[in-house]
Amino acid sequence: MNYQVDEKGYYGRFGGAYIPEILHKCVEDLQNNYLKVLESDSFRMEYHGLLRDYVGRPSPLYFAERLSGKYGCRIYLKREDLNHTGAHKINNTIGQILVARKMGKTRVIAETGAGQHGVATATVCALMNMPCVVYMGKTDVERQQPNVEKMRMLGATVVPVLSGNMTLKDATNEAIRDWCSHPSDTFYIIGSTVGPHPYPDMVARLQSVISAEIKRQLEEREGRDYPDYLMACVGGGSNAAGTIYHYLNDGRVKIVLAEAGGEGLLSGRSAATIHLGKEGVLHGARTLVMQDEDGQIEEPYSISAGLDYPGIGPMHANLSETKRAVILPVNDDEAMSAVFELTKLEGIIPALESAHVLGALPKLDFDSRDVVVLTVSGRGDKDMETYLRFMADSNLKNE
Ligand SMILES: *Cc1c(COP(=O)(O)O)cnc(C)c1O
């Protein structure tokens with residue numbers, strides 16, 4: 001079984017490049033060049049140098065003793081929350097901006113929902129002195145002010161998008177429209193393992209530094225370079241792809257991914273795309289999509305702004321279909337309990353997205369010898385307002 005992309009850009013029947021005519025040439029250029037660039041010595045030197053000195057890699061693999069005690073197994077946390085800008089997203093934007101430069105592009109665009117990918121893109125554009133335009137739904141601009149201010153401070157132009165529901169999918173449409181108008185000088189930095197081929201594969205490769213490090217770190221700590229379980233949350237799928245990349249064909253390793261259940265699979269307010277989605281085409285790829293009978297995209301809901309995307313990476317759609325990965329929906333309230341559990345047991349305040357995979361731990365039945373590696377994709381600073389409101393509400397209830 002091959003779980004990686006094939007020569008045509010497909011994972012099983014998912015993936016491909018469904019794009020407007022005007023983008024054929026730039027997507028084809030990227031398809032023909034990305035592997036040459038990623039595998040060149042000069043790219044590798046620069047990429048790994050920046051990951052070390054600018055991002056702060058390798059990120060620690062931390063043995064979480066009290067969390068392990070609670071779940072009766074050996075849990076290691078892969079600490080992507082300790083990266084510069086607070087999450088795994090910078091691994092990808094550093095790589096893509098280097099690819100953009102090598103391909104002679106002089107202008108960068110990006111889409112963002114919660115603003116995390118926008119900030120990671122604005123950051124590397126400042127670093128490389130490249131002009132940067134970030135498309136963001138107007139609803140998101142209003143509810144994610146601190147990230148909007150960071151992007152502007154970093155020198156990016158943030159364009160509020162007024163179409164549709166004014167959220168992530170509308171911002172993505174607008175970024176694609178911009179790309180169509182400036183195909184020759186503009187590089188589109190996509191924030192997850194989504195979009196037309198080669199983006200899902202390129203992003204997975206750039207995030208695969210996570211599992212390359214896990215291998216080395218586990219060998220050192222456990223005397224074997226593989227765990228029994230790998231766990232990560234999925235929005236579009238990039239931190240999960242990075243976590244599992246080098247283990248996809250290792251049958252000894254069970255893969256468990258958590259998607260956002262929202263208020264419950266049957267509540268009508270959910271973002272559990274793999275459970276609820278049907279096959280369709282979204283943002284250039286054939287994948288699972290949350291859509292109604294007429295093929296209209298359904299607005300996803302999750303308490304976590306980074307997980308409410310109506311699609312899913314084609315790699316992950318295929319991993320679910322082939323049963324290589326178990327996908328568990330984790331609801332808002334389960335994620336919220338997990339935030340406070342990790343904070344109390346380990347002194348680590350996780351991002352709400354990462355809390356979804358922590359919220360999957362109680363759903364699994366571990367053996368005491370099991371080695372579990374769970375990726376903490378980001379830190380909770382950006383979610384403090386939600387956490388404080390939750391604490392205030394539960395204090396009220398307890399009075
Ligand atoms: C964006 C984000 C995610 C979701 O994106 P993936 O591509 O699925 O990894 C998860 N965690 C954090 C902290 C994020 O910022």
# chains A, B, ... in the order shown; residues from 1 in each chain; ligands from 1
>>> residues_near_ligand(ligand="ligand 1", cutoff="7 Å", atoms="only C-alpha atoms and all ligand atoms", output="number ranges by chain")
A: 87-89, 116-117, 191-193, 233-240, 306-307, 351, 353-354, 377-379
>>> write_last_selection(atoms="C-alpha atoms", output="mmCIF file, in the first residue's frame")
data_model
loop_
_atom_site.group_PDB
_atom_site.id
_atom_site.type_symbol
_atom_site.label_atom_id
_atom_site.label_comp_id
_atom_site.auth_asym_id
_atom_site.auth_seq_id
_atom_site.Cartn_x
_atom_site.Cartn_y
_atom_site.Cartn_z
ATOM 1 C CA ALA A 87 2.943 26.696 16.270
ATOM 2 C CA HIS A 88 4.069 24.304 13.542
ATOM 3 C CA LYS A 89 2.958 26.613 10.714
ATOM 4 C CA GLN A 116 -2.065 31.888 12.465
ATOM 5 C CA HIS A 117 -0.965 31.089 8.919
ATOM 6 C CA GLY A 191 -1.089 27.065 4.914
ATOM 7 C CA SER A 192 -1.972 23.381 5.070
ATOM 8 C CA THR A 193 -1.876 20.082 3.160
ATOM 9 C CA CYS A 233 -5.218 17.018 15.420
ATOM 10 C CA VAL A 234 -6.424 17.722 11.864
ATOM 11 C CA GLY A 235 -7.772 20.948 10.427
ATOM 12 C CA GLY A 236 -6.393 20.846 6.902
ATOM 13 C CA GLY A 237 -3.891 18.219 8.026
ATOM 14 C CA SER A 238 -0.391 19.734 8.048
ATOM 15 C CA ASN A 239 0.787 19.085 11.610
ATOM 16 C CA ALA A 240 -0.661 15.567 11.360
ATOM 17 C CA GLY A 306 -7.936 26.678 13.255
ATOM 18 C CA LEU A 307 -9.996 23.529 12.726
ATOM 19 C CA ALA A 351 -3.734 25.824 21.696
ATOM 20 C CA GLU A 353 -6.602 22.977 18.142
ATOM 21 C CA SER A 354 -4.018 20.845 19.945
ATOM 22 C CA SER A 377 0.690 21.798 17.458
ATOM 23 C CA GLY A 378 0.621 25.194 19.168
ATOM 24 C CA ARG A 379 0.522 27.209 22.373
#
>>> residues_around(residues="region 384-391 of chain A", least_positions_apart="3", cutoff="9 Å", atoms="only C-alpha atoms", output="list in words")
Ile303, Met336, Val339, Phe340, Gly380, Asp381, Ser394, Asn395 and Leu396 of chain A
>>> residues_around(residues="Lys8 (chain A)", least_positions_apart="2", cutoff="10 Å", atoms="only C-alpha atoms", output="PyMOL selection string")
chain A and resi 5-6+10-11+15-17+31+197-198
>>> closest_residue(among="A:Pro314, A:Pro160, A:Gly155, A:Gly242", to="Gly137 (chain A)", atoms="only C-alpha atoms")
A:Pro160
>>> closest_residue(among="A:Thr243, A:Leu230, A:Arg66, A:Glu298", to="Ala212 (chain A)", atoms="only C-alpha atoms")
A:Thr243
>>> select_by_dssp(residues="region 325-391 of chain A", states="helix (DSSP H, G or I)", output="ChimeraX atom specification")
/A:332-346,352-358,361-363,380-391
>>> write_last_selection(atoms="C-alpha atoms", output="short mmCIF file (atom, residue, chain, number, x, y, z; two decimals), in the first residue's frame")
data_model
loop_
_atom_site.label_atom_id
_atom_site.label_comp_id
_atom_site.auth_asym_id
_atom_site.auth_seq_id
_atom_site.Cartn_x
_atom_site.Cartn_y
_atom_site.Cartn_z
CA ASP A 332 -15.79 21.43 22.01
CA ASP A 333 -16.41 20.45 25.64
CA GLU A 334 -14.00 17.50 25.46
CA ALA A 335 -11.28 19.73 24.01
CA MET A 336 -11.91 22.35 26.67
CA SER A 337 -11.52 19.80 29.50
CA ALA A 338 -8.28 18.66 27.89
CA VAL A 339 -6.91 22.23 27.92
CA PHE A 340 -7.30 22.44 31.69
CA GLU A 341 -6.09 18.88 32.25
CA LEU A 342 -2.79 19.47 30.44
CA THR A 343 -2.37 22.83 32.13
CA LYS A 344 -2.87 21.33 35.62
CA LEU A 345 -0.88 18.11 35.07
CA GLU A 346 2.07 19.41 33.05
CA LEU A 352 -7.41 24.91 21.32
CA GLU A 353 -6.60 22.98 18.14
CA SER A 354 -4.02 20.84 19.94
CA ALA A 355 -6.49 20.28 22.79
CA HIS A 356 -8.62 18.26 20.37
CA VAL A 357 -6.02 15.52 20.12
CA LEU A 358 -5.48 15.59 23.89
CA LEU A 361 -6.78 10.27 24.91
CA PRO A 362 -9.75 9.20 27.10
CA LYS A 363 -11.30 7.46 24.07
CA GLY A 380 -2.57 28.62 24.02
CA ASP A 381 -1.69 32.32 24.22
CA LYS A 382 -4.02 33.19 21.33
CA ASP A 383 -6.90 31.36 23.04
CA MET A 384 -6.64 32.96 26.48
CA GLU A 385 -9.82 34.96 26.00
CA THR A 386 -11.81 31.76 25.32
CA TYR A 387 -10.20 30.03 28.31
CA LEU A 388 -10.91 32.93 30.67
CA ARG A 389 -14.54 33.13 29.53
CA PHE A 390 -14.92 29.37 30.07
CA MET A 391 -13.51 29.66 33.60
#
>>> closest_residue(among="A:Asp201, A:Glu39, A:Leu67, A:Gly12", to="Gly347 (chain A)", atoms="only C-alpha atoms")
A:Leu67
>>> closest_residue(among="A:Leu319, A:Leu38, A:Ala171, A:Ile109", to="Phe187 (chain A)", atoms="only C-alpha atoms")
A:Ile109
>>> select_by_dssp(residues="region 102-131 of chain A", states="strand (DSSP E)", output="VMD selection string")
chain A and resid 107 to 112
>>> write_last_selection(atoms="N, CA, C and O atoms", output="compact mmCIF listing (two decimals), in the first residue's frame")
# COMPACT_ATOMS: atom_id res chain seq x y z
N ARG A 107 6.52 38.43 -5.12
CA ARG A 107 5.37 38.88 -4.33
C ARG A 107 4.69 37.64 -3.76
O ARG A 107 4.59 36.62 -4.43
N VAL A 108 4.27 37.74 -2.49
CA VAL A 108 3.66 36.60 -1.82
C VAL A 108 2.22 36.92 -1.42
O VAL A 108 1.92 38.02 -0.97
N ILE A 109 1.32 35.93 -1.63
CA ILE A 109 -0.03 36.06 -1.11
C ILE A 109 -0.34 34.83 -0.24
O ILE A 109 0.31 33.78 -0.38
N ALA A 110 -1.31 34.99 0.64
CA ALA A 110 -1.74 33.87 1.50
C ALA A 110 -3.18 34.09 1.91
O ALA A 110 -3.69 35.21 1.84
N GLU A 111 -3.83 33.00 2.33
CA GLU A 111 -5.15 33.07 2.93
C GLU A 111 -4.97 32.79 4.41
O GLU A 111 -4.01 32.14 4.82
N THR A 112 -5.89 33.29 5.24
CA THR A 112 -5.82 32.88 6.64
C THR A 112 -7.21 32.88 7.24
O THR A 112 -8.08 33.64 6.81
>>> residues_around(residues="region 68-79 of chain A", least_positions_apart="2", cutoff="6 Å", atoms="only C-alpha atoms", output="list in words")
Ser59, Pro60, Leu61, Tyr62, Phe63, Ala64, Glu65, Arg66, Asp81, Leu82, Ser368, Arg369, Asp370, Val371, Val372, Val373, Leu374, Thr375 and Val376 of chain A
>>> residues_around(residues="Leu276 (chain A)", least_positions_apart="4", cutoff="10 Å", atoms="only C-alpha atoms", output="list in words")
Gly261, Leu265, Leu266, Ser270, Ala271, Ala272, Leu288, Val289, Met290, Gln291 and Pro310 of chain A
>>> write_last_selection(atoms="all heavy atoms", output="PDB file, in the first residue's frame")
ATOM      1  N   GLY A 261     -15.257  17.940  16.439  1.00  0.00           N
ATOM      2  CA  GLY A 261     -16.665  17.535  16.454  1.00  0.00           C
ATOM      3  C   GLY A 261     -17.610  18.694  16.698  1.00  0.00           C
ATOM      4  O   GLY A 261     -18.815  18.554  16.519  1.00  0.00           O
ATOM      5  N   LEU A 265     -21.513  15.433  16.274  1.00  0.00           N
ATOM      6  CA  LEU A 265     -21.633  15.079  14.857  1.00  0.00           C
ATOM      7  C   LEU A 265     -23.028  15.363  14.301  1.00  0.00           C
ATOM      8  O   LEU A 265     -23.176  15.758  13.152  1.00  0.00           O
ATOM      9  CB  LEU A 265     -21.326  13.591  14.662  1.00  0.00           C
ATOM     10  CG  LEU A 265     -19.847  13.165  14.688  1.00  0.00           C
ATOM     11  CD1 LEU A 265     -19.733  11.678  14.378  1.00  0.00           C
ATOM     12  CD2 LEU A 265     -19.034  13.992  13.695  1.00  0.00           C
ATOM     13  N   LEU A 266     -24.057  15.150  15.133  1.00  0.00           N
ATOM     14  CA  LEU A 266     -25.425  15.262  14.624  1.00  0.00           C
ATOM     15  C   LEU A 266     -26.068  16.600  14.972  1.00  0.00           C
ATOM     16  O   LEU A 266     -27.257  16.805  14.750  1.00  0.00           O
ATOM     17  CB  LEU A 266     -26.285  14.117  15.180  1.00  0.00           C
ATOM     18  CG  LEU A 266     -25.742  12.723  14.852  1.00  0.00           C
ATOM     19  CD1 LEU A 266     -26.562  11.631  15.516  1.00  0.00           C
ATOM     20  CD2 LEU A 266     -25.702  12.514  13.328  1.00  0.00           C
ATOM     21  N   SER A 270     -20.721  21.416  13.481  1.00  0.00           N
ATOM     22  CA  SER A 270     -19.568  20.541  13.581  1.00  0.00           C
ATOM     23  C   SER A 270     -18.575  20.885  12.472  1.00  0.00           C
ATOM     24  O   SER A 270     -18.927  21.549  11.502  1.00  0.00           O
ATOM     25  CB  SER A 270     -20.019  19.079  13.437  1.00  0.00           C
ATOM     26  OG  SER A 270     -18.899  18.219  13.497  1.00  0.00           O
ATOM     27  N   ALA A 271     -17.325  20.446  12.647  1.00  0.00           N
ATOM     28  CA  ALA A 271     -16.335  20.603  11.584  1.00  0.00           C
ATOM     29  C   ALA A 271     -15.646  19.265  11.319  1.00  0.00           C
ATOM     30  O   ALA A 271     -14.512  19.218  10.856  1.00  0.00           O
ATOM     31  CB  ALA A 271     -15.311  21.681  11.959  1.00  0.00           C
ATOM     32  N   ALA A 272     -16.363  18.168  11.627  1.00  0.00           N
ATOM     33  CA  ALA A 272     -15.783  16.833  11.472  1.00  0.00           C
ATOM     34  C   ALA A 272     -15.910  16.391  10.014  1.00  0.00           C
ATOM     35  O   ALA A 272     -16.740  15.559   9.653  1.00  0.00           O
ATOM     36  CB  ALA A 272     -16.463  15.845  12.414  1.00  0.00           C
ATOM     37  N   LEU A 288     -12.784  15.043   0.663  1.00  0.00           N
ATOM     38  CA  LEU A 288     -14.056  15.026   1.381  1.00  0.00           C
ATOM     39  C   LEU A 288     -14.420  16.455   1.739  1.00  0.00           C
ATOM     40  O   LEU A 288     -13.576  17.220   2.218  1.00  0.00           O
ATOM     41  CB  LEU A 288     -13.943  14.158   2.639  1.00  0.00           C
ATOM     42  CG  LEU A 288     -13.653  12.686   2.359  1.00  0.00           C
ATOM     43  CD1 LEU A 288     -13.328  11.941   3.654  1.00  0.00           C
ATOM     44  CD2 LEU A 288     -14.845  12.034   1.640  1.00  0.00           C
ATOM     45  N   VAL A 289     -15.679  16.797   1.485  1.00  0.00           N
ATOM     46  CA  VAL A 289     -16.117  18.186   1.658  1.00  0.00           C
ATOM     47  C   VAL A 289     -17.450  18.190   2.396  1.00  0.00           C
ATOM     48  O   VAL A 289     -18.332  17.373   2.091  1.00  0.00           O
ATOM     49  CB  VAL A 289     -16.317  18.856   0.270  1.00  0.00           C
ATOM     50  CG1 VAL A 289     -16.735  20.316   0.432  1.00  0.00           C
ATOM     51  CG2 VAL A 289     -15.047  18.750  -0.572  1.00  0.00           C
ATOM     52  N   MET A 290     -17.603  19.097   3.336  1.00  0.00           N
ATOM     53  CA  MET A 290     -18.905  19.268   3.985  1.00  0.00           C
ATOM     54  C   MET A 290     -19.807  20.050   3.045  1.00  0.00           C
ATOM     55  O   MET A 290     -19.559  21.216   2.764  1.00  0.00           O
ATOM     56  CB  MET A 290     -18.746  19.993   5.321  1.00  0.00           C
ATOM     57  CG  MET A 290     -18.096  19.104   6.367  1.00  0.00           C
ATOM     58  SD  MET A 290     -17.833  19.906   7.948  1.00  0.00           S
ATOM     59  CE  MET A 290     -19.483  20.402   8.380  1.00  0.00           C
ATOM     60  N   GLN A 291     -20.846  19.380   2.532  1.00  0.00           N
ATOM     61  CA  GLN A 291     -21.692  20.009   1.524  1.00  0.00           C
ATOM     62  C   GLN A 291     -23.116  19.488   1.664  1.00  0.00           C
ATOM     63  O   GLN A 291     -23.348  18.407   2.203  1.00  0.00           O
ATOM     64  CB  GLN A 291     -21.150  19.681   0.130  1.00  0.00           C
ATOM     65  CG  GLN A 291     -20.915  18.184  -0.103  1.00  0.00           C
ATOM     66  CD  GLN A 291     -20.213  17.888  -1.418  1.00  0.00           C
ATOM     67  OE1 GLN A 291     -20.566  18.438  -2.446  1.00  0.00           O
ATOM     68  NE2 GLN A 291     -19.214  17.021  -1.377  1.00  0.00           N
ATOM     69  N   PRO A 310     -14.013  23.434   5.823  1.00  0.00           N
ATOM     70  CA  PRO A 310     -15.011  22.479   5.336  1.00  0.00           C
ATOM     71  C   PRO A 310     -14.416  21.317   4.523  1.00  0.00           C
ATOM     72  O   PRO A 310     -15.133  20.402   4.129  1.00  0.00           O
ATOM     73  CB  PRO A 310     -15.923  23.341   4.459  1.00  0.00           C
ATOM     74  CG  PRO A 310     -15.079  24.500   4.042  1.00  0.00           C
ATOM     75  CD  PRO A 310     -14.099  24.737   5.154  1.00  0.00           C
TER      76      PRO A 310
END
>>> closest_residue(among="A:Gly223, A:Ile94, A:His84, A:Ala325", to="Asp250 (chain A)", atoms="only C-alpha atoms")
A:Ala325
>>> closest_residue(among="A:Leu50, A:Ile244, A:Met136, A:Met202", to="Asp170 (chain A)", atoms="only C-alpha atoms")
A:Met136
>>> residues_around(residues="Thr167 (chain A)", least_positions_apart="6", cutoff="10 Å", atoms="only C-alpha atoms", output="list in words")
Thr112, Gly113, Ala114, Tyr135, Met136, Gly137, Lys138, Thr139, Asp140, Val141, Pro160, Val161, Glu299, Ala305, Asp308 and Tyr309 of chain A
>>> decode(residues="region 355-379 of chain A", atoms="N, CA, C and O atoms", output="PDB file, in the first residue's frame")
ATOM      1  N   ALA A 355      -5.680  20.878  21.725  1.00  0.00           N
ATOM      2  CA  ALA A 355      -6.490  20.277  22.795  1.00  0.00           C
ATOM      3  C   ALA A 355      -7.416  19.204  22.232  1.00  0.00           C
ATOM      4  O   ALA A 355      -7.826  18.293  22.955  1.00  0.00           O
ATOM      5  N   HIS A 356      -7.749  19.286  20.952  1.00  0.00           N
ATOM      6  CA  HIS A 356      -8.624  18.257  20.373  1.00  0.00           C
ATOM      7  C   HIS A 356      -7.955  16.886  20.358  1.00  0.00           C
ATOM      8  O   HIS A 356      -8.608  15.877  20.574  1.00  0.00           O
ATOM      9  N   VAL A 357      -6.654  16.849  20.107  1.00  0.00           N
ATOM     10  CA  VAL A 357      -6.015  15.522  20.121  1.00  0.00           C
ATOM     11  C   VAL A 357      -5.810  15.051  21.565  1.00  0.00           C
ATOM     12  O   VAL A 357      -5.932  13.862  21.862  1.00  0.00           O
ATOM     13  N   LEU A 358      -5.554  15.979  22.470  1.00  0.00           N
ATOM     14  CA  LEU A 358      -5.481  15.591  23.889  1.00  0.00           C
ATOM     15  C   LEU A 358      -6.830  15.035  24.338  1.00  0.00           C
ATOM     16  O   LEU A 358      -6.900  14.090  25.120  1.00  0.00           O
ATOM     17  N   GLY A 359      -7.899  15.599  23.806  1.00  0.00           N
ATOM     18  CA  GLY A 359      -9.252  15.156  24.144  1.00  0.00           C
ATOM     19  C   GLY A 359      -9.585  13.776  23.585  1.00  0.00           C
ATOM     20  O   GLY A 359     -10.615  13.183  23.925  1.00  0.00           O
ATOM     21  N   ALA A 360      -8.732  13.263  22.711  1.00  0.00           N
ATOM     22  CA  ALA A 360      -8.949  11.905  22.191  1.00  0.00           C
ATOM     23  C   ALA A 360      -8.340  10.849  23.123  1.00  0.00           C
ATOM     24  O   ALA A 360      -8.672   9.668  23.024  1.00  0.00           O
ATOM     25  N   LEU A 361      -7.446  11.247  24.033  1.00  0.00           N
ATOM     26  CA  LEU A 361      -6.779  10.266  24.912  1.00  0.00           C
ATOM     27  C   LEU A 361      -7.766   9.412  25.709  1.00  0.00           C
ATOM     28  O   LEU A 361      -7.604   8.185  25.778  1.00  0.00           O
ATOM     29  N   PRO A 362      -8.817  10.031  26.315  1.00  0.00           N
ATOM     30  CA  PRO A 362      -9.755   9.203  27.101  1.00  0.00           C
ATOM     31  C   PRO A 362     -10.532   8.200  26.249  1.00  0.00           C
ATOM     32  O   PRO A 362     -11.149   7.284  26.792  1.00  0.00           O
ATOM     33  N   LYS A 363     -10.518   8.349  24.941  1.00  0.00           N
ATOM     34  CA  LYS A 363     -11.296   7.464  24.068  1.00  0.00           C
ATOM     35  C   LYS A 363     -10.511   6.209  23.680  1.00  0.00           C
ATOM     36  O   LYS A 363     -11.017   5.357  22.969  1.00  0.00           O
ATOM     37  N   LEU A 364      -9.242   6.140  24.087  1.00  0.00           N
ATOM     38  CA  LEU A 364      -8.397   5.021  23.659  1.00  0.00           C
ATOM     39  C   LEU A 364      -8.074   4.115  24.843  1.00  0.00           C
ATOM     40  O   LEU A 364      -8.077   4.551  25.986  1.00  0.00           O
ATOM     41  N   ASP A 365      -7.785   2.853  24.510  1.00  0.00           N
ATOM     42  CA  ASP A 365      -7.519   1.867  25.536  1.00  0.00           C
ATOM     43  C   ASP A 365      -6.062   1.451  25.424  1.00  0.00           C
ATOM     44  O   ASP A 365      -5.716   0.652  24.570  1.00  0.00           O
ATOM     45  N   PHE A 366      -5.207   2.003  26.285  1.00  0.00           N
ATOM     46  CA  PHE A 366      -3.771   1.763  26.154  1.00  0.00           C
ATOM     47  C   PHE A 366      -3.304   0.612  27.042  1.00  0.00           C
ATOM     48  O   PHE A 366      -3.893   0.339  28.079  1.00  0.00           O
ATOM     49  N   ASP A 367      -2.180   0.008  26.618  1.00  0.00           N
ATOM     50  CA  ASP A 367      -1.451  -0.938  27.439  1.00  0.00           C
ATOM     51  C   ASP A 367      -0.355  -0.145  28.162  1.00  0.00           C
ATOM     52  O   ASP A 367       0.143   0.839  27.615  1.00  0.00           O
ATOM     53  N   SER A 368       0.047  -0.580  29.359  1.00  0.00           N
ATOM     54  CA  SER A 368       1.006   0.231  30.135  1.00  0.00           C
ATOM     55  C   SER A 368       2.361   0.361  29.431  1.00  0.00           C
ATOM     56  O   SER A 368       3.111   1.283  29.695  1.00  0.00           O
ATOM     57  N   ARG A 369       2.685  -0.571  28.515  1.00  0.00           N
ATOM     58  CA  ARG A 369       3.982  -0.467  27.813  1.00  0.00           C
ATOM     59  C   ARG A 369       3.899   0.377  26.550  1.00  0.00           C
ATOM     60  O   ARG A 369       4.913   0.631  25.901  1.00  0.00           O
ATOM     61  N   ASP A 370       2.688   0.782  26.162  1.00  0.00           N
ATOM     62  CA  ASP A 370       2.542   1.543  24.916  1.00  0.00           C
ATOM     63  C   ASP A 370       3.295   2.869  24.973  1.00  0.00           C
ATOM     64  O   ASP A 370       3.188   3.609  25.946  1.00  0.00           O
ATOM     65  N   VAL A 371       4.031   3.151  23.898  1.00  0.00           N
ATOM     66  CA  VAL A 371       4.679   4.445  23.739  1.00  0.00           C
ATOM     67  C   VAL A 371       3.815   5.279  22.788  1.00  0.00           C
ATOM     68  O   VAL A 371       3.536   4.864  21.662  1.00  0.00           O
ATOM     69  N   VAL A 372       3.389   6.430  23.286  1.00  0.00           N
ATOM     70  CA  VAL A 372       2.487   7.292  22.524  1.00  0.00           C
ATOM     71  C   VAL A 372       3.201   8.616  22.259  1.00  0.00           C
ATOM     72  O   VAL A 372       3.732   9.225  23.184  1.00  0.00           O
ATOM     73  N   VAL A 373       3.244   9.037  20.994  1.00  0.00           N
ATOM     74  CA  VAL A 373       3.774  10.371  20.696  1.00  0.00           C
ATOM     75  C   VAL A 373       2.616  11.236  20.205  1.00  0.00           C
ATOM     76  O   VAL A 373       1.933  10.889  19.240  1.00  0.00           O
ATOM     77  N   LEU A 374       2.367  12.330  20.911  1.00  0.00           N
ATOM     78  CA  LEU A 374       1.252  13.217  20.604  1.00  0.00           C
ATOM     79  C   LEU A 374       1.804  14.616  20.301  1.00  0.00           C
ATOM     80  O   LEU A 374       2.591  15.154  21.085  1.00  0.00           O
ATOM     81  N   THR A 375       1.412  15.153  19.165  1.00  0.00           N
ATOM     82  CA  THR A 375       1.931  16.472  18.778  1.00  0.00           C
ATOM     83  C   THR A 375       1.073  17.599  19.349  1.00  0.00           C
ATOM     84  O   THR A 375      -0.134  17.651  19.108  1.00  0.00           O
ATOM     85  N   VAL A 376       1.736  18.461  20.121  1.00  0.00           N
ATOM     86  CA  VAL A 376       1.092  19.691  20.598  1.00  0.00           C
ATOM     87  C   VAL A 376       1.398  20.752  19.545  1.00  0.00           C
ATOM     88  O   VAL A 376       2.488  21.311  19.506  1.00  0.00           O
ATOM     89  N   SER A 377       0.413  20.996  18.652  1.00  0.00           N
ATOM     90  CA  SER A 377       0.690  21.798  17.458  1.00  0.00           C
ATOM     91  C   SER A 377       0.951  23.268  17.760  1.00  0.00           C
ATOM     92  O   SER A 377       1.630  23.937  16.996  1.00  0.00           O
ATOM     93  N   GLY A 378       0.409  23.771  18.881  1.00  0.00           N
ATOM     94  CA  GLY A 378       0.621  25.194  19.168  1.00  0.00           C
ATOM     95  C   GLY A 378       0.337  25.544  20.615  1.00  0.00           C
ATOM     96  O   GLY A 378      -0.198  24.741  21.373  1.00  0.00           O
ATOM     97  N   ARG A 379       0.720  26.763  20.986  1.00  0.00           N
ATOM     98  CA  ARG A 379       0.522  27.209  22.373  1.00  0.00           C
ATOM     99  C   ARG A 379      -0.776  27.990  22.523  1.00  0.00           C
ATOM    100  O   ARG A 379      -1.342  28.487  21.552  1.00  0.00           O
TER     101      ARG A 379
END
